[in-house]
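J.: protein-v3.cif is reproduced below (mmCIF, C-alpha atoms).
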data_structure
loop_
_atom_site.group_PDB
_atom_site.id
_atom_site.type_symbol
_atom_site.label_atom_id
_atom_site.label_comp_id
_atom_site.auth_asym_id
_atom_site.auth_seq_id
_atom_site.Cartn_x
_atom_site.Cartn_y
_atom_site.Cartn_z
ATOM 1 C CA MET A 20 11.393 -22.364 1.207
ATOM 2 C CA SER A 21 13.227 -20.727 -1.681
ATOM 3 C CA PRO A 22 15.165 -17.501 -1.039
ATOM 4 C CA GLU A 23 12.735 -15.606 -3.280
ATOM 5 C CA LEU A 24 9.692 -16.791 -1.316
ATOM 6 C CA GLU A 25 11.463 -15.983 1.947
ATOM 7 C CA ARG A 26 12.175 -12.464 0.663
ATOM 8 C CA GLN A 27 8.540 -12.001 -0.363
ATOM 9 C CA ALA A 28 7.276 -13.322 2.981
ATOM 10 C CA ARG A 29 9.543 -10.968 4.919
ATOM 11 C CA ARG A 30 8.508 -8.031 2.746
ATOM 12 C CA ARG A 31 4.783 -8.747 3.173
ATOM 13 C CA ALA A 32 5.161 -9.221 6.938
ATOM 14 C CA GLY A 33 7.006 -5.891 7.086
ATOM 15 C CA GLN A 34 4.262 -4.149 5.127
ATOM 16 C CA GLN A 35 1.569 -5.594 7.376
ATOM 17 C CA THR A 36 3.486 -4.581 10.498
ATOM 18 C CA GLY A 37 3.860 -1.082 9.071
ATOM 19 C CA TRP A 38 0.112 -0.810 8.535
ATOM 20 C CA LEU A 39 -0.600 -2.029 12.075
ATOM 21 C CA VAL A 40 1.762 0.620 13.468
ATOM 22 C CA HIS A 41 0.072 3.248 11.258
ATOM 23 C CA ALA A 42 -3.388 2.216 12.503
ATOM 24 C CA THR A 43 -2.259 2.245 16.148
ATOM 25 C CA VAL A 44 -0.717 5.715 15.861
ATOM 26 C CA PHE A 45 -3.873 6.924 14.069
ATOM 27 C CA ALA A 46 -6.097 5.650 16.873
ATOM 28 C CA LEU A 47 -3.934 7.050 19.681
ATOM 29 C CA VAL A 48 -3.321 10.475 18.148
ATOM 30 C CA ASN A 49 -6.922 10.982 17.104
ATOM 31 C CA ALA A 50 -8.270 9.823 20.469
ATOM 32 C CA ALA A 51 -5.990 12.336 22.192
ATOM 33 C CA LEU A 52 -7.013 15.114 19.785
ATOM 34 C CA TRP A 53 -10.704 14.436 20.275
ATOM 35 C CA LEU A 54 -10.348 14.279 24.051
ATOM 36 C CA ALA A 55 -8.295 17.492 24.166
ATOM 37 C CA GLY A 56 -10.263 19.764 21.874
ATOM 38 C CA HIS A 57 -13.563 18.571 20.514
ATOM 39 C CA ARG A 58 -15.243 21.958 21.129
ATOM 40 C CA GLY A 59 -13.938 23.701 18.009
ATOM 41 C CA GLY A 60 -15.392 21.264 15.464
ATOM 42 C CA TRP A 61 -12.237 21.359 13.305
ATOM 43 C CA LEU A 62 -11.037 17.873 14.213
ATOM 44 C CA GLY A 63 -13.088 16.124 11.549
ATOM 45 C CA LEU A 64 -10.824 17.406 8.775
ATOM 46 C CA PRO A 65 -7.495 15.983 9.917
ATOM 47 C CA THR A 66 -9.141 12.805 11.186
ATOM 48 C CA GLY A 67 -11.035 12.311 7.926
ATOM 49 C CA GLY A 68 -7.985 13.008 5.766
ATOM 50 C CA TRP A 69 -5.795 10.693 7.789
ATOM 51 C CA LEU A 70 -8.506 8.006 7.726
ATOM 52 C CA ILE A 71 -8.567 8.136 3.926
ATOM 53 C CA GLY A 72 -4.786 7.698 3.887
ATOM 54 C CA LEU A 73 -5.016 4.813 6.356
ATOM 55 C CA LEU A 74 -7.676 3.093 4.238
ATOM 56 C CA ILE A 75 -5.591 3.467 1.074
ATOM 57 C CA HIS A 76 -2.525 2.148 2.911
ATOM 58 C CA GLY A 77 -4.594 -0.808 4.158
ATOM 59 C CA ALA A 78 -5.928 -1.559 0.686
ATOM 60 C CA VAL A 79 -2.406 -1.589 -0.753
ATOM 61 C CA VAL A 80 -1.111 -3.865 2.010
ATOM 62 C CA TRP A 81 -4.001 -6.240 2.628
ATOM 63 C CA LEU A 82 -5.471 -6.510 -0.876
ATOM 64 C CA ARG A 83 -2.077 -6.911 -2.534
ATOM 65 C CA PRO A 84 -2.413 -10.500 -3.855
ATOM 66 C CA GLN A 85 -4.768 -9.402 -6.631
ATOM 67 C CA GLY A 86 -2.493 -6.481 -7.381
ATOM 68 C CA GLN A 87 0.508 -8.787 -7.681
ATOM 69 C CA HIS A 88 -1.232 -10.740 -10.421
ATOM 70 C CA LEU A 89 -2.155 -7.531 -12.205
ATOM 71 C CA HIS A 90 1.410 -6.247 -11.899
ATOM 72 C CA GLN A 91 2.798 -9.508 -13.271
ATOM 73 C CA HIS A 92 0.333 -9.383 -16.186
ATOM 74 C CA LEU A 93 1.247 -5.768 -17.031
ATOM 75 C CA LEU A 94 4.961 -6.519 -16.739
ATOM 76 C CA THR A 95 4.686 -9.503 -19.093
ATOM 77 C CA ARG A 96 2.657 -7.441 -21.575
ATOM 78 C CA GLU A 97 5.193 -4.590 -21.496
ATOM 79 C CA ARG A 98 8.119 -6.989 -21.998
ATOM 80 C CA ARG A 99 6.411 -8.476 -25.051
ATOM 81 C CA ARG A 100 5.691 -5.019 -26.460
ATOM 82 C CA LEU A 101 9.306 -3.903 -26.018
ATOM 83 C CA ALA A 102 10.651 -7.159 -27.463
ATOM 84 C CA GLY A 103 8.423 -6.629 -30.521
ATOM 85 C CA GLN A 104 9.719 -3.090 -30.983
ATOM 86 C CA GLU A 105 13.289 -4.306 -30.689
ATOM 87 C CA ALA A 106 12.706 -7.080 -33.216
ATOM 88 C CA ARG A 107 11.273 -4.611 -35.735
ATOM 89 C CA ARG A 108 14.369 -2.401 -35.439
ATOM 90 C CA LEU A 109 16.823 -5.201 -36.153
ATOM 91 C CA PRO A 110 17.842 -5.509 -39.840
#
Taking this structure as input, can you express it in the form of structure tokens?

T.:
Amino acid sequence: MSPELERQARRRAGQQTGWLVHATVFALVNAALWLAGHRGGWLGLPTGGWLIGLLIHGAVVWLRPQGQHLHQHLLTRERRRLAGQEARRLP
């Protein structure tokens, strides 16, 4: 495996591990909150907000392959645009 692919594999594995830790902490903290104080009715707000963050984090981590292609496409397009601007400025 090339060094670049190894770097990408390690990065992706780290991102996935980070999301799994995030999900575990979410489940444990929210279970404890709900067990400790469900009477007040206020627990839906922090749980709901955190759940939205967890879902966004998951989408970024687990749906990344499509995003990588989009990023590469946008990067290539931007490089071409900048190269064209530079070429127009040269005498």

J.: What does the PyMOL selection byres ((chain A and resi 46-55) around 12) select in this file, as a PyMOL selection string?

T.: chain A and resi 39-45+56-70+73

J.: Could you give me, as a list in words, the residues within 10 Å of A:Gln35, counting only C-alpha atoms and dropping anything in the same chain fewer than 2 positions from it?

T.: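 These residues fall inside the cut-off: Arg29, Arg30, Arg31, Ala32, Gly33, Gly37, Trp38, Leu39, Val40, His41, His76, Gly77, Val79, Val80 and Trp81 of chain A.
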
J.: For a test of reading the model, state the distance in Å between atom CA of A:Ala28 and atom CA of A:Ile75, rounded to one decimal.

T.: 21.2 Å

J.: Quick one: 5 Å padding each side, axis-aligned, all listed atoms of stretch 35-46 of chain A - centre and edge lengths in Å to one decimal, as JSON?

T.:
{"center_x": -1.1, "center_y": 0.7, "center_z": 12.1, "size_x": 20.0, "size_y": 22.5, "size_z": 19.5}

J.: What is the distance between atom CA of A:Arg26 and atom CA of A:Gln91, in Å to one decimal?

T.: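 Atom CA of A:Gln91 lies at a distance of 17.1 Å from atom CA of A:Arg26.
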
J.: What is the atom CA of A:Leu93-atom CA of A:Glu23 distance in Å, reported with one decimal?

T.: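 So the answer is 20.4 Å.
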
J.: Starting from the incomplete input, reconstruct N, CA and C atoms of stretch 34-69 of chain A and report them as a CSV table (one decimal), in the frame of the given file.

T.:
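Once written, result_0.csv looks like this:
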chain,number,residue,atom,x,y,z
A,34,GLN,N,5.3,-5.1,5.6
A,34,GLN,CA,4.3,-4.1,5.1
A,34,GLN,C,3.1,-4.2,6.1
A,35,GLN,N,2.7,-5.4,6.5
A,35,GLN,CA,1.6,-5.6,7.4
A,35,GLN,C,1.9,-5.0,8.7
A,36,THR,N,3.1,-5.2,9.2
A,36,THR,CA,3.5,-4.6,10.5
A,36,THR,C,3.4,-3.1,10.4
A,37,GLY,N,3.9,-2.5,9.3
A,37,GLY,CA,3.9,-1.1,9.1
A,37,GLY,C,2.5,-0.5,9.1
A,38,TRP,N,1.5,-1.3,8.5
A,38,TRP,CA,0.1,-0.8,8.5
A,38,TRP,C,-0.5,-0.9,10.0
A,39,LEU,N,-0.1,-1.9,10.7
A,39,LEU,CA,-0.6,-2.0,12.1
A,39,LEU,C,-0.1,-0.9,12.9
A,40,VAL,N,1.2,-0.5,12.7
A,40,VAL,CA,1.8,0.6,13.5
A,40,VAL,C,1.0,1.9,13.1
A,41,HIS,N,0.8,2.1,11.8
A,41,HIS,CA,0.1,3.2,11.3
A,41,HIS,C,-1.3,3.3,11.9
A,42,ALA,N,-2.0,2.2,11.9
A,42,ALA,CA,-3.4,2.2,12.5
A,42,ALA,C,-3.4,2.5,14.0
A,43,THR,N,-2.4,2.0,14.7
A,43,THR,CA,-2.3,2.2,16.1
A,43,THR,C,-2.0,3.7,16.4
A,44,VAL,N,-1.0,4.3,15.7
A,44,VAL,CA,-0.7,5.7,15.9
A,44,VAL,C,-1.9,6.6,15.5
A,45,PHE,N,-2.6,6.2,14.4
A,45,PHE,CA,-3.9,6.9,14.1
A,45,PHE,C,-4.9,6.9,15.2
A,46,ALA,N,-5.1,5.8,15.8
A,46,ALA,CA,-6.1,5.6,16.9
A,46,ALA,C,-5.7,6.5,18.1
A,47,LEU,N,-4.4,6.3,18.5
A,47,LEU,CA,-3.9,7.0,19.7
A,47,LEU,C,-3.9,8.6,19.5
A,48,VAL,N,-3.4,9.0,18.4
A,48,VAL,CA,-3.3,10.5,18.1
A,48,VAL,C,-4.7,11.1,18.0
A,49,ASN,N,-5.6,10.4,17.3
A,49,ASN,CA,-6.9,11.0,17.1
A,49,ASN,C,-7.8,10.9,18.4
A,50,ALA,N,-7.6,9.9,19.2
A,50,ALA,CA,-8.3,9.8,20.5
A,50,ALA,C,-7.8,11.0,21.3
A,51,ALA,N,-6.5,11.2,21.4
A,51,ALA,CA,-6.0,12.3,22.2
A,51,ALA,C,-6.5,13.7,21.7
A,52,LEU,N,-6.5,13.9,20.4
A,52,LEU,CA,-7.0,15.1,19.8
A,52,LEU,C,-8.5,15.3,20.1
A,53,TRP,N,-9.3,14.3,20.0
A,53,TRP,CA,-10.7,14.4,20.3
A,53,TRP,C,-11.0,14.7,21.8
A,54,LEU,N,-10.2,14.1,22.6
A,54,LEU,CA,-10.3,14.3,24.1
A,54,LEU,C,-9.9,15.7,24.4
A,55,ALA,N,-8.9,16.2,23.8
A,55,ALA,CA,-8.3,17.5,24.2
A,55,ALA,C,-9.1,18.7,23.6
A,56,GLY,N,-9.7,18.6,22.5
A,56,GLY,CA,-10.3,19.8,21.9
A,56,GLY,C,-11.4,19.6,21.0
A,57,HIS,N,-12.4,18.8,21.4
A,57,HIS,CA,-13.6,18.6,20.5
A,57,HIS,C,-14.5,19.8,20.4
A,58,ARG,N,-14.3,20.8,21.2
A,58,ARG,CA,-15.2,22.0,21.1
A,58,ARG,C,-15.2,22.7,19.8
A,59,GLY,N,-14.1,22.9,19.2
A,59,GLY,CA,-13.9,23.7,18.0
A,59,GLY,C,-14.6,23.1,16.8
A,60,GLY,N,-14.8,21.9,16.6
A,60,GLY,CA,-15.4,21.3,15.5
A,60,GLY,C,-14.5,21.1,14.3
A,61,TRP,N,-13.2,21.5,14.4
A,61,TRP,CA,-12.2,21.4,13.3
A,61,TRP,C,-11.6,20.0,13.2
A,62,LEU,N,-11.8,19.1,14.2
A,62,LEU,CA,-11.0,17.9,14.2
A,62,LEU,C,-11.5,16.9,13.1
A,63,GLY,N,-12.6,17.1,12.6
A,63,GLY,CA,-13.1,16.1,11.5
A,63,GLY,C,-12.2,16.1,10.3
A,64,LEU,N,-11.7,17.3,10.0
A,64,LEU,CA,-10.8,17.4,8.8
A,64,LEU,C,-9.5,16.6,8.9
A,65,PRO,N,-8.7,16.8,9.9
A,65,PRO,CA,-7.5,16.0,9.9
A,65,PRO,C,-7.8,14.5,10.1
A,66,THR,N,-8.8,14.2,11.0
A,66,THR,CA,-9.1,12.8,11.2
A,66,THR,C,-9.6,12.2,9.9
A,67,GLY,N,-10.5,12.9,9.2
A,67,GLY,CA,-11.0,12.3,7.9
A,67,GLY,C,-10.0,12.1,6.9
A,68,GLY,N,-9.1,13.1,6.7
A,68,GLY,CA,-8.0,13.0,5.8
A,68,GLY,C,-7.0,11.9,6.1
A,69,TRP,N,-6.7,11.8,7.4
A,69,TRP,CA,-5.8,10.7,7.8
A,69,TRP,C,-6.5,9.3,7.6
